Amino acid sequence: MKTLSNKVALVTGGSRGIGAAIVKRLAGDGADVAFTYVSGKEQAEALVTEIEATGRRAVAIAANSADANAITAAVETTVAKLGKLDILVNNAGIGTFKPLNDFTVEEYDSLMDINVRGTFVAIKAALKHMVSGSRIINIGSTNALRMPFEGGAVYAASKAAVQGLTMALSRDLGPLGITINNLQPGPVHTDMNPQDGPFAAMLIPQISLGRYGTTAEVASLVAYLASPESGYITGASIDIDGGFKG
């Protein structure tokens, strides 16, 4: 039997990049998986087809994490279509990087709404359906503690908030037998930040392993934290950054 057989997961922002790798890995480990997306309907539907070809169930849900009602509805849709919810992965996030004097209040609100408020809303909605042994996994960033360039203060603040939320909620969720943890990736090769892109020359010298991480490497750690073997890990923020010195 696979590690996540008979489990149901919801991954926010799961149609591409790190999110899609997480969806594929959880399904590969036996879970049925729902995921949200904002744009790229065809890409989302192709991922559903790929997962279903492996014998697992998959559901793509159009939902913007900035919209509390949409995220709450996505949780309810997951339960309605897949029967329950055992694993929540809060992966949806955005990054806006610019000098503070150029950063508008509207941009601040948008970043915080998705990176922090959306995470809170998803957790609150999911808890109504979770039981002892359930897992919540947040995708933060090593930038919560290490920002290697100017213009990243608000993004860093949002990921530091996720780190604090994770640690503190472990106190609330521990008595329920539910774990919550926070993964903090460093530079990872994606379409938004490719390993040969404009930031690579600056970032790679600051990585002890001398390379970007892969989405599959992040997904493998998510899969472990979603598994029964991780039952004594909660409230943790775990760097997966190749020794990023920032």
# chains A, B, ... in the order shown; residues from 1 in each chain; ligands from 1
$ select_by_dssp --residues "range 36-149 of chain A" --states "alpha helix (DSSP H)" --output "PyMOL selection string"
chain A and resi 41-52+68-82+105-112+118-127
$ closest_atom_pairs --of "range 68-95 of chain A" --to "range 129-139 of chain A" --cutoff "8 Å" --atoms "only C-alpha atoms" --output "JSON lines"
{"residue": "A:Val79", "atom": "CA", "partner": "A:His129", "partner_atom": "CA", "distance": 7.9}
{"residue": "A:Lys84", "atom": "CA", "partner": "A:His129", "partner_atom": "CA", "distance": 6.8}
{"residue": "A:Leu85", "atom": "CA", "partner": "A:His129", "partner_atom": "CA", "distance": 6.1}
{"residue": "A:Asp86", "atom": "CA", "partner": "A:Ser134", "partner_atom": "CA", "distance": 4.8}
{"residue": "A:Ile87", "atom": "CA", "partner": "A:Arg135", "partner_atom": "CA", "distance": 4.8}
{"residue": "A:Leu88", "atom": "CA", "partner": "A:Ile136", "partner_atom": "CA", "distance": 4.8}
{"residue": "A:Val89", "atom": "CA", "partner": "A:Ile137", "partner_atom": "CA", "distance": 4.7}
{"residue": "A:Asn90", "atom": "CA", "partner": "A:Asn138", "partner_atom": "CA", "distance": 4.7}
{"residue": "A:Asn91", "atom": "CA", "partner": "A:Ile139", "partner_atom": "CA", "distance": 5.1}
$ write_last_selection --atoms "N, CA and C atoms" --output "short mmCIF file (atom, residue, chain, number, x, y, z; two decimals), in the first residue's frame"
data_model
loop_
_atom_site.label_atom_id
_atom_site.label_comp_id
_atom_site.auth_asym_id
_atom_site.auth_seq_id
_atom_site.Cartn_x
_atom_site.Cartn_y
_atom_site.Cartn_z
N VAL A 79 -14.23 18.44 -0.57
CA VAL A 79 -14.92 17.45 0.27
C VAL A 79 -16.12 16.86 -0.46
N LYS A 84 -13.68 13.77 1.52
CA LYS A 84 -13.11 14.20 2.80
C LYS A 84 -11.91 15.09 2.51
N LEU A 85 -11.18 15.49 3.56
CA LEU A 85 -9.95 16.26 3.39
C LEU A 85 -8.99 15.90 4.51
N ASP A 86 -7.87 15.29 4.13
CA ASP A 86 -6.85 14.88 5.10
C ASP A 86 -5.61 15.76 5.09
N ILE A 87 -5.31 16.35 3.93
CA ILE A 87 -4.05 17.07 3.74
C ILE A 87 -4.34 18.40 3.05
N LEU A 88 -3.89 19.49 3.64
CA LEU A 88 -3.98 20.81 3.02
C LEU A 88 -2.57 21.33 2.78
N VAL A 89 -2.27 21.70 1.55
CA VAL A 89 -0.99 22.31 1.21
C VAL A 89 -1.26 23.73 0.72
N ASN A 90 -0.84 24.71 1.49
CA ASN A 90 -1.01 26.12 1.12
C ASN A 90 0.21 26.56 0.31
N ASN A 91 0.10 26.39 -1.00
CA ASN A 91 1.21 26.72 -1.88
C ASN A 91 1.01 28.04 -2.63
#
$ residues_around --residues "Ala161 in chain A" --least-positions-apart "4" --cutoff "10 Å" --atoms "only C-alpha atoms" --output "count of residues only"
12
$ atom_distance --atom1 "CA of Asn64 in chain A" --atom2 "CA of Glu45 in chain A"
16.7 Å
$ closest_atom_pairs --of "range 109-209 of chain A" --to "range 18-31 of chain A" --cutoff "12 Å" --atoms "only C-alpha atoms" --output "Markdown table"
| residue | atom | partner | partner_atom | distance |
| --- | --- | --- | --- | --- |
| A:Ile137 | CA | A:Ile22 | CA | 11.1 |
| A:Asn138 | CA | A:Gly19 | CA | 11.4 |
| A:Ile139 | CA | A:Ile18 | CA | 9.4 |
| A:Gly140 | CA | A:Ile18 | CA | 11.8 |
| A:Leu183 | CA | A:Ile18 | CA | 11.7 |
| A:Pro185 | CA | A:Ile18 | CA | 9.9 |
| A:Gly186 | CA | A:Ile18 | CA | 12.0 |
| A:Pro187 | CA | A:Ile18 | CA | 11.4 |
| A:Val188 | CA | A:Ile18 | CA | 8.4 |
| A:His189 | CA | A:Ile18 | CA | 9.0 |
| A:Thr190 | CA | A:Ile18 | CA | 7.5 |
| A:Asp191 | CA | A:Ile18 | CA | 10.0 |
| A:Met192 | CA | A:Ile18 | CA | 10.6 |
| A:Asn193 | CA | A:Ile18 | CA | 11.3 |
$ closest_residue --among "A:Gly235, A:Gly14, A:Pro205, A:Gly40" --to "Ala168 in chain A" --atoms "only C-alpha atoms"
A:Gly235
$ atom_distance --atom1 "CA of Lys124 in chain A" --atom2 "CA of Asn143 in chain A"
25.1 Å
$ closest_residue --among "A:Ile233, A:Val33, A:Val75, A:Ile207" --to "Pro148 in chain A" --atoms "only C-alpha atoms"
A:Ile207
$ closest_residue --among "A:Ala58, A:Pro99, A:Ser15, A:Thr234" --to "Pro175 in chain A" --atoms "only C-alpha atoms"
A:Thr234
$ closest_residue --among "A:Ala216, A:Thr12, A:Leu82, A:Ile204" --to "Val121 in chain A" --atoms "only C-alpha atoms"
A:Thr12
$ atom_distance --atom1 "CA of Pro228 in chain A" --atom2 "CA of Asn6 in chain A"
12.3 Å
$ closest_residue --among "A:Ile180, A:Leu221, A:Met202, A:Ala92" --to "Lys159 in chain A" --atoms "only C-alpha atoms"
A:Ala92
$ residues_around --residues "range 67-70 of chain A" --least-positions-apart "2" --cutoff "12 Å" --atoms "only C-alpha atoms" --output "PyMOL selection string"
chain A and resi 12+36-38+61-65+72-77+110+112-125
$ write_last_selection --atoms "C-alpha atoms" --output "short mmCIF file (atom, residue, chain, number, x, y, z; two decimals), in the first residue's frame"
data_model
loop_
_atom_site.label_atom_id
_atom_site.label_comp_id
_atom_site.auth_asym_id
_atom_site.auth_seq_id
_atom_site.Cartn_x
_atom_site.Cartn_y
_atom_site.Cartn_z
CA THR A 12 -3.67 25.74 -3.49
CA THR A 36 -6.79 25.47 -7.15
CA TYR A 37 -5.64 27.66 -10.01
CA VAL A 38 -6.27 31.23 -11.16
CA ILE A 61 -10.89 24.32 -8.98
CA ALA A 62 -10.72 27.90 -10.23
CA ALA A 63 -10.16 29.99 -7.10
CA ASN A 64 -8.09 33.06 -6.30
CA SER A 65 -6.49 32.86 -2.86
CA THR A 72 -13.63 28.44 1.42
CA ALA A 73 -15.71 27.17 -1.50
CA ALA A 74 -12.68 25.28 -2.86
CA VAL A 75 -12.39 23.40 0.43
CA GLU A 76 -16.08 22.53 0.32
CA THR A 77 -15.82 21.44 -3.32
CA SER A 110 -2.65 42.14 -2.60
CA MET A 112 -0.64 39.95 2.07
CA ASP A 113 -4.13 38.88 1.02
CA ILE A 114 -2.75 35.96 -0.99
CA ASN A 115 0.35 34.97 0.98
CA VAL A 116 -1.02 35.36 4.51
CA ARG A 117 -4.78 35.90 4.59
CA GLY A 118 -5.38 33.20 1.99
CA THR A 119 -3.37 30.73 4.04
CA PHE A 120 -5.35 31.58 7.18
CA VAL A 121 -8.68 31.27 5.38
CA ALA A 122 -7.80 27.90 3.84
CA ILE A 123 -6.71 26.52 7.21
CA LYS A 124 -9.83 27.78 8.95
CA ALA A 125 -12.09 26.23 6.30
#
$ closest_residue --among "A:Val11, A:Leu127, A:Thr49, A:Arg57" --to "Asp32 in chain A" --atoms "only C-alpha atoms"
A:Arg57
$ select_by_dssp --residues "range 210-242 of chain A" --states "strand (DSSP E or B)" --output "VMD selection string"
chain A and resid 213 237 to 240
$ residues_around --residues "Gly246 in chain A" --least-positions-apart "3" --cutoff "7 Å" --atoms "only C-alpha atoms" --output "NGL selection string"
:A and (146-148 or 206)
$ write_last_selection --atoms "all heavy atoms" --output "PDB file, in the first residue's frame"
ATOM      1  N   ARG A 146      16.134  35.524   5.226  1.00  0.00           N
ATOM      2  CA  ARG A 146      17.304  35.953   4.458  1.00  0.00           C
ATOM      3  C   ARG A 146      16.851  36.540   3.131  1.00  0.00           C
ATOM      4  O   ARG A 146      16.353  35.826   2.262  1.00  0.00           O
ATOM      5  CB  ARG A 146      18.243  34.764   4.205  1.00  0.00           C
ATOM      6  CG  ARG A 146      18.846  34.191   5.483  1.00  0.00           C
ATOM      7  CD  ARG A 146      19.803  33.049   5.178  1.00  0.00           C
ATOM      8  NE  ARG A 146      19.110  31.887   4.639  1.00  0.00           N
ATOM      9  CZ  ARG A 146      18.426  31.003   5.381  1.00  0.00           C
ATOM     10  NH1 ARG A 146      18.335  31.172   6.687  1.00  0.00           N
ATOM     11  NH2 ARG A 146      17.841  29.957   4.825  1.00  0.00           N
ATOM     12  N   MET A 147      17.024  37.857   2.973  1.00  0.00           N
ATOM     13  CA  MET A 147      16.652  38.543   1.733  1.00  0.00           C
ATOM     14  C   MET A 147      17.932  39.079   1.079  1.00  0.00           C
ATOM     15  O   MET A 147      18.574  39.976   1.621  1.00  0.00           O
ATOM     16  CB  MET A 147      15.674  39.690   2.026  1.00  0.00           C
ATOM     17  CG  MET A 147      15.300  40.517   0.817  1.00  0.00           C
ATOM     18  SD  MET A 147      14.639  39.565  -0.566  1.00  0.00           S
ATOM     19  CE  MET A 147      13.105  38.959   0.136  1.00  0.00           C
ATOM     20  N   PRO A 148      18.328  38.513  -0.068  1.00  0.00           N
ATOM     21  CA  PRO A 148      19.634  38.827  -0.635  1.00  0.00           C
ATOM     22  C   PRO A 148      19.700  40.088  -1.486  1.00  0.00           C
ATOM     23  O   PRO A 148      20.757  40.425  -2.004  1.00  0.00           O
ATOM     24  CB  PRO A 148      19.935  37.596  -1.487  1.00  0.00           C
ATOM     25  CG  PRO A 148      18.589  37.153  -1.953  1.00  0.00           C
ATOM     26  CD  PRO A 148      17.660  37.432  -0.803  1.00  0.00           C
ATOM     27  N   GLN A 206      25.493  32.200  -3.727  1.00  0.00           N
ATOM     28  CA  GLN A 206      25.067  32.224  -2.329  1.00  0.00           C
ATOM     29  C   GLN A 206      24.465  30.891  -1.871  1.00  0.00           C
ATOM     30  O   GLN A 206      24.044  30.770  -0.731  1.00  0.00           O
ATOM     31  CB  GLN A 206      24.042  33.339  -2.131  1.00  0.00           C
ATOM     32  CG  GLN A 206      24.570  34.721  -2.503  1.00  0.00           C
ATOM     33  CD  GLN A 206      23.579  35.819  -2.199  1.00  0.00           C
ATOM     34  OE1 GLN A 206      23.223  36.051  -1.045  1.00  0.00           O
ATOM     35  NE2 GLN A 206      23.119  36.507  -3.227  1.00  0.00           N
TER      36      GLN A 206
END
$ residues_around --residues "Lys98 in chain A" --least-positions-apart "5" --cutoff "10 Å" --atoms "only C-alpha atoms" --output "CSV table (one decimal) with C-alpha atoms, in the first residue's frame"
chain,number,residue,atom,x,y,z
A,103,PHE,CA,5.5,50.0,-3.2
A,104,THR,CA,1.8,51.0,-3.2
A,150,GLU,CA,16.8,45.3,-2.1
A,151,GLY,CA,13.0,45.5,-2.7
A,152,GLY,CA,12.0,42.3,-0.9
A,153,ALA,CA,10.9,43.7,2.4
A,154,VAL,CA,7.1,43.2,2.0
A,155,TYR,CA,7.5,39.7,0.5
$ decode --residues "range 41-87 of chain A" --atoms "N, CA and C atoms" --output "compact mmCIF listing (two decimals), in the first residue's frame"
# COMPACT_ATOMS: atom_id res chain seq x y z
N LYS A 41 -6.52 27.50 -17.60
CA LYS A 41 -7.48 26.41 -17.45
C LYS A 41 -7.04 25.15 -18.18
N GLU A 42 -6.51 25.32 -19.38
CA GLU A 42 -6.08 24.15 -20.16
C GLU A 42 -4.95 23.41 -19.46
N GLN A 43 -4.02 24.16 -18.88
CA GLN A 43 -2.92 23.54 -18.15
C GLN A 43 -3.45 22.77 -16.94
N ALA A 44 -4.40 23.36 -16.24
CA ALA A 44 -5.01 22.69 -15.08
C ALA A 44 -5.74 21.41 -15.50
N GLU A 45 -6.48 21.49 -16.58
CA GLU A 45 -7.21 20.30 -17.05
C GLU A 45 -6.26 19.21 -17.52
N ALA A 46 -5.13 19.62 -18.11
CA ALA A 46 -4.13 18.63 -18.54
C ALA A 46 -3.54 17.91 -17.34
N LEU A 47 -3.35 18.63 -16.23
CA LEU A 47 -2.82 18.01 -15.02
C LEU A 47 -3.83 17.02 -14.44
N VAL A 48 -5.11 17.37 -14.48
CA VAL A 48 -6.15 16.44 -14.03
C VAL A 48 -6.10 15.16 -14.86
N THR A 49 -5.99 15.30 -16.16
CA THR A 49 -5.92 14.14 -17.05
C THR A 49 -4.71 13.26 -16.73
N GLU A 50 -3.58 13.92 -16.48
CA GLU A 50 -2.36 13.18 -16.15
C GLU A 50 -2.51 12.39 -14.86
N ILE A 51 -3.12 13.00 -13.85
CA ILE A 51 -3.31 12.32 -12.56
C ILE A 51 -4.31 11.17 -12.72
N GLU A 52 -5.39 11.41 -13.42
CA GLU A 52 -6.41 10.37 -13.58
C GLU A 52 -5.87 9.17 -14.35
N ALA A 53 -4.90 9.40 -15.22
CA ALA A 53 -4.29 8.30 -15.97
C ALA A 53 -3.53 7.34 -15.07
N THR A 54 -3.18 7.80 -13.87
CA THR A 54 -2.47 6.94 -12.92
C THR A 54 -3.43 6.16 -12.02
N GLY A 55 -4.73 6.42 -12.19
CA GLY A 55 -5.72 5.73 -11.37
C GLY A 55 -6.20 6.51 -10.17
N ARG A 56 -5.69 7.69 -9.97
CA ARG A 56 -6.13 8.52 -8.86
C ARG A 56 -7.16 9.53 -9.34
N ARG A 57 -7.95 10.05 -8.41
CA ARG A 57 -8.92 11.09 -8.73
C ARG A 57 -8.27 12.45 -8.60
N ALA A 58 -8.69 13.40 -9.45
CA ALA A 58 -8.15 14.75 -9.40
C ALA A 58 -9.24 15.75 -9.74
N VAL A 59 -9.20 16.91 -9.11
CA VAL A 59 -10.19 17.97 -9.33
C VAL A 59 -9.47 19.30 -9.42
N ALA A 60 -9.70 20.03 -10.51
CA ALA A 60 -9.14 21.38 -10.66
C ALA A 60 -10.23 22.39 -10.33
N ILE A 61 -9.91 23.35 -9.46
CA ILE A 61 -10.89 24.32 -8.98
C ILE A 61 -10.37 25.74 -9.23
N ALA A 62 -11.10 26.51 -10.00
CA ALA A 62 -10.72 27.90 -10.23
C ALA A 62 -11.02 28.71 -8.97
N ALA A 63 -9.97 29.24 -8.34
CA ALA A 63 -10.16 29.99 -7.10
C ALA A 63 -8.94 30.86 -6.83
N ASN A 64 -9.16 32.12 -6.63
CA ASN A 64 -8.09 33.06 -6.30
C ASN A 64 -7.93 33.11 -4.79
N SER A 65 -6.72 32.89 -4.30
CA SER A 65 -6.49 32.86 -2.86
C SER A 65 -6.69 34.22 -2.19
N ALA A 66 -6.80 35.28 -2.98
CA ALA A 66 -7.12 36.59 -2.42
C ALA A 66 -8.60 36.71 -2.06
N ASP A 67 -9.40 35.78 -2.55
CA ASP A 67 -10.85 35.79 -2.34
C ASP A 67 -11.21 34.76 -1.28
N ALA A 68 -11.54 35.21 -0.08
CA ALA A 68 -11.82 34.30 1.02
C ALA A 68 -12.98 33.38 0.71
N ASN A 69 -14.01 33.89 0.07
CA ASN A 69 -15.17 33.05 -0.26
C ASN A 69 -14.79 31.97 -1.27
N ALA A 70 -13.93 32.31 -2.23
CA ALA A 70 -13.52 31.33 -3.24
C ALA A 70 -12.70 30.21 -2.63
N ILE A 71 -11.81 30.56 -1.70
CA ILE A 71 -10.98 29.54 -1.07
C ILE A 71 -11.81 28.65 -0.15
N THR A 72 -12.73 29.24 0.58
CA THR A 72 -13.63 28.44 1.42
C THR A 72 -14.45 27.49 0.55
N ALA A 73 -14.93 28.00 -0.58
CA ALA A 73 -15.71 27.17 -1.50
C ALA A 73 -14.86 26.05 -2.09
N ALA A 74 -13.57 26.32 -2.32
CA ALA A 74 -12.68 25.28 -2.86
C ALA A 74 -12.53 24.13 -1.87
N VAL A 75 -12.45 24.45 -0.60
CA VAL A 75 -12.39 23.40 0.43
C VAL A 75 -13.66 22.56 0.39
N GLU A 76 -14.81 23.24 0.33
CA GLU A 76 -16.08 22.53 0.32
C GLU A 76 -16.24 21.68 -0.95
N THR A 77 -15.76 22.20 -2.07
CA THR A 77 -15.82 21.44 -3.32
C THR A 77 -14.95 20.18 -3.24
N THR A 78 -13.78 20.32 -2.63
CA THR A 78 -12.90 19.16 -2.45
C THR A 78 -13.61 18.06 -1.67
N VAL A 79 -14.23 18.44 -0.57
CA VAL A 79 -14.92 17.45 0.27
C VAL A 79 -16.12 16.86 -0.46
N ALA A 80 -16.85 17.71 -1.18
CA ALA A 80 -18.04 17.22 -1.90
C ALA A 80 -17.67 16.23 -3.00
N LYS A 81 -16.56 16.49 -3.69
CA LYS A 81 -16.21 15.65 -4.84
C LYS A 81 -15.30 14.47 -4.48
N LEU A 82 -14.50 14.62 -3.43
CA LEU A 82 -13.54 13.56 -3.08
C LEU A 82 -13.85 12.89 -1.74
N GLY A 83 -14.86 13.40 -1.03
CA GLY A 83 -15.36 12.69 0.13
C GLY A 83 -14.85 13.14 1.48
N LYS A 84 -13.68 13.77 1.52
CA LYS A 84 -13.11 14.20 2.80
C LYS A 84 -11.91 15.09 2.51
N LEU A 85 -11.18 15.49 3.56
CA LEU A 85 -9.95 16.26 3.39
C LEU A 85 -8.99 15.90 4.51
N ASP A 86 -7.87 15.29 4.13
CA ASP A 86 -6.85 14.88 5.10
C ASP A 86 -5.61 15.76 5.09
N ILE A 87 -5.31 16.35 3.93
CA ILE A 87 -4.05 17.07 3.74
C ILE A 87 -4.34 18.40 3.05
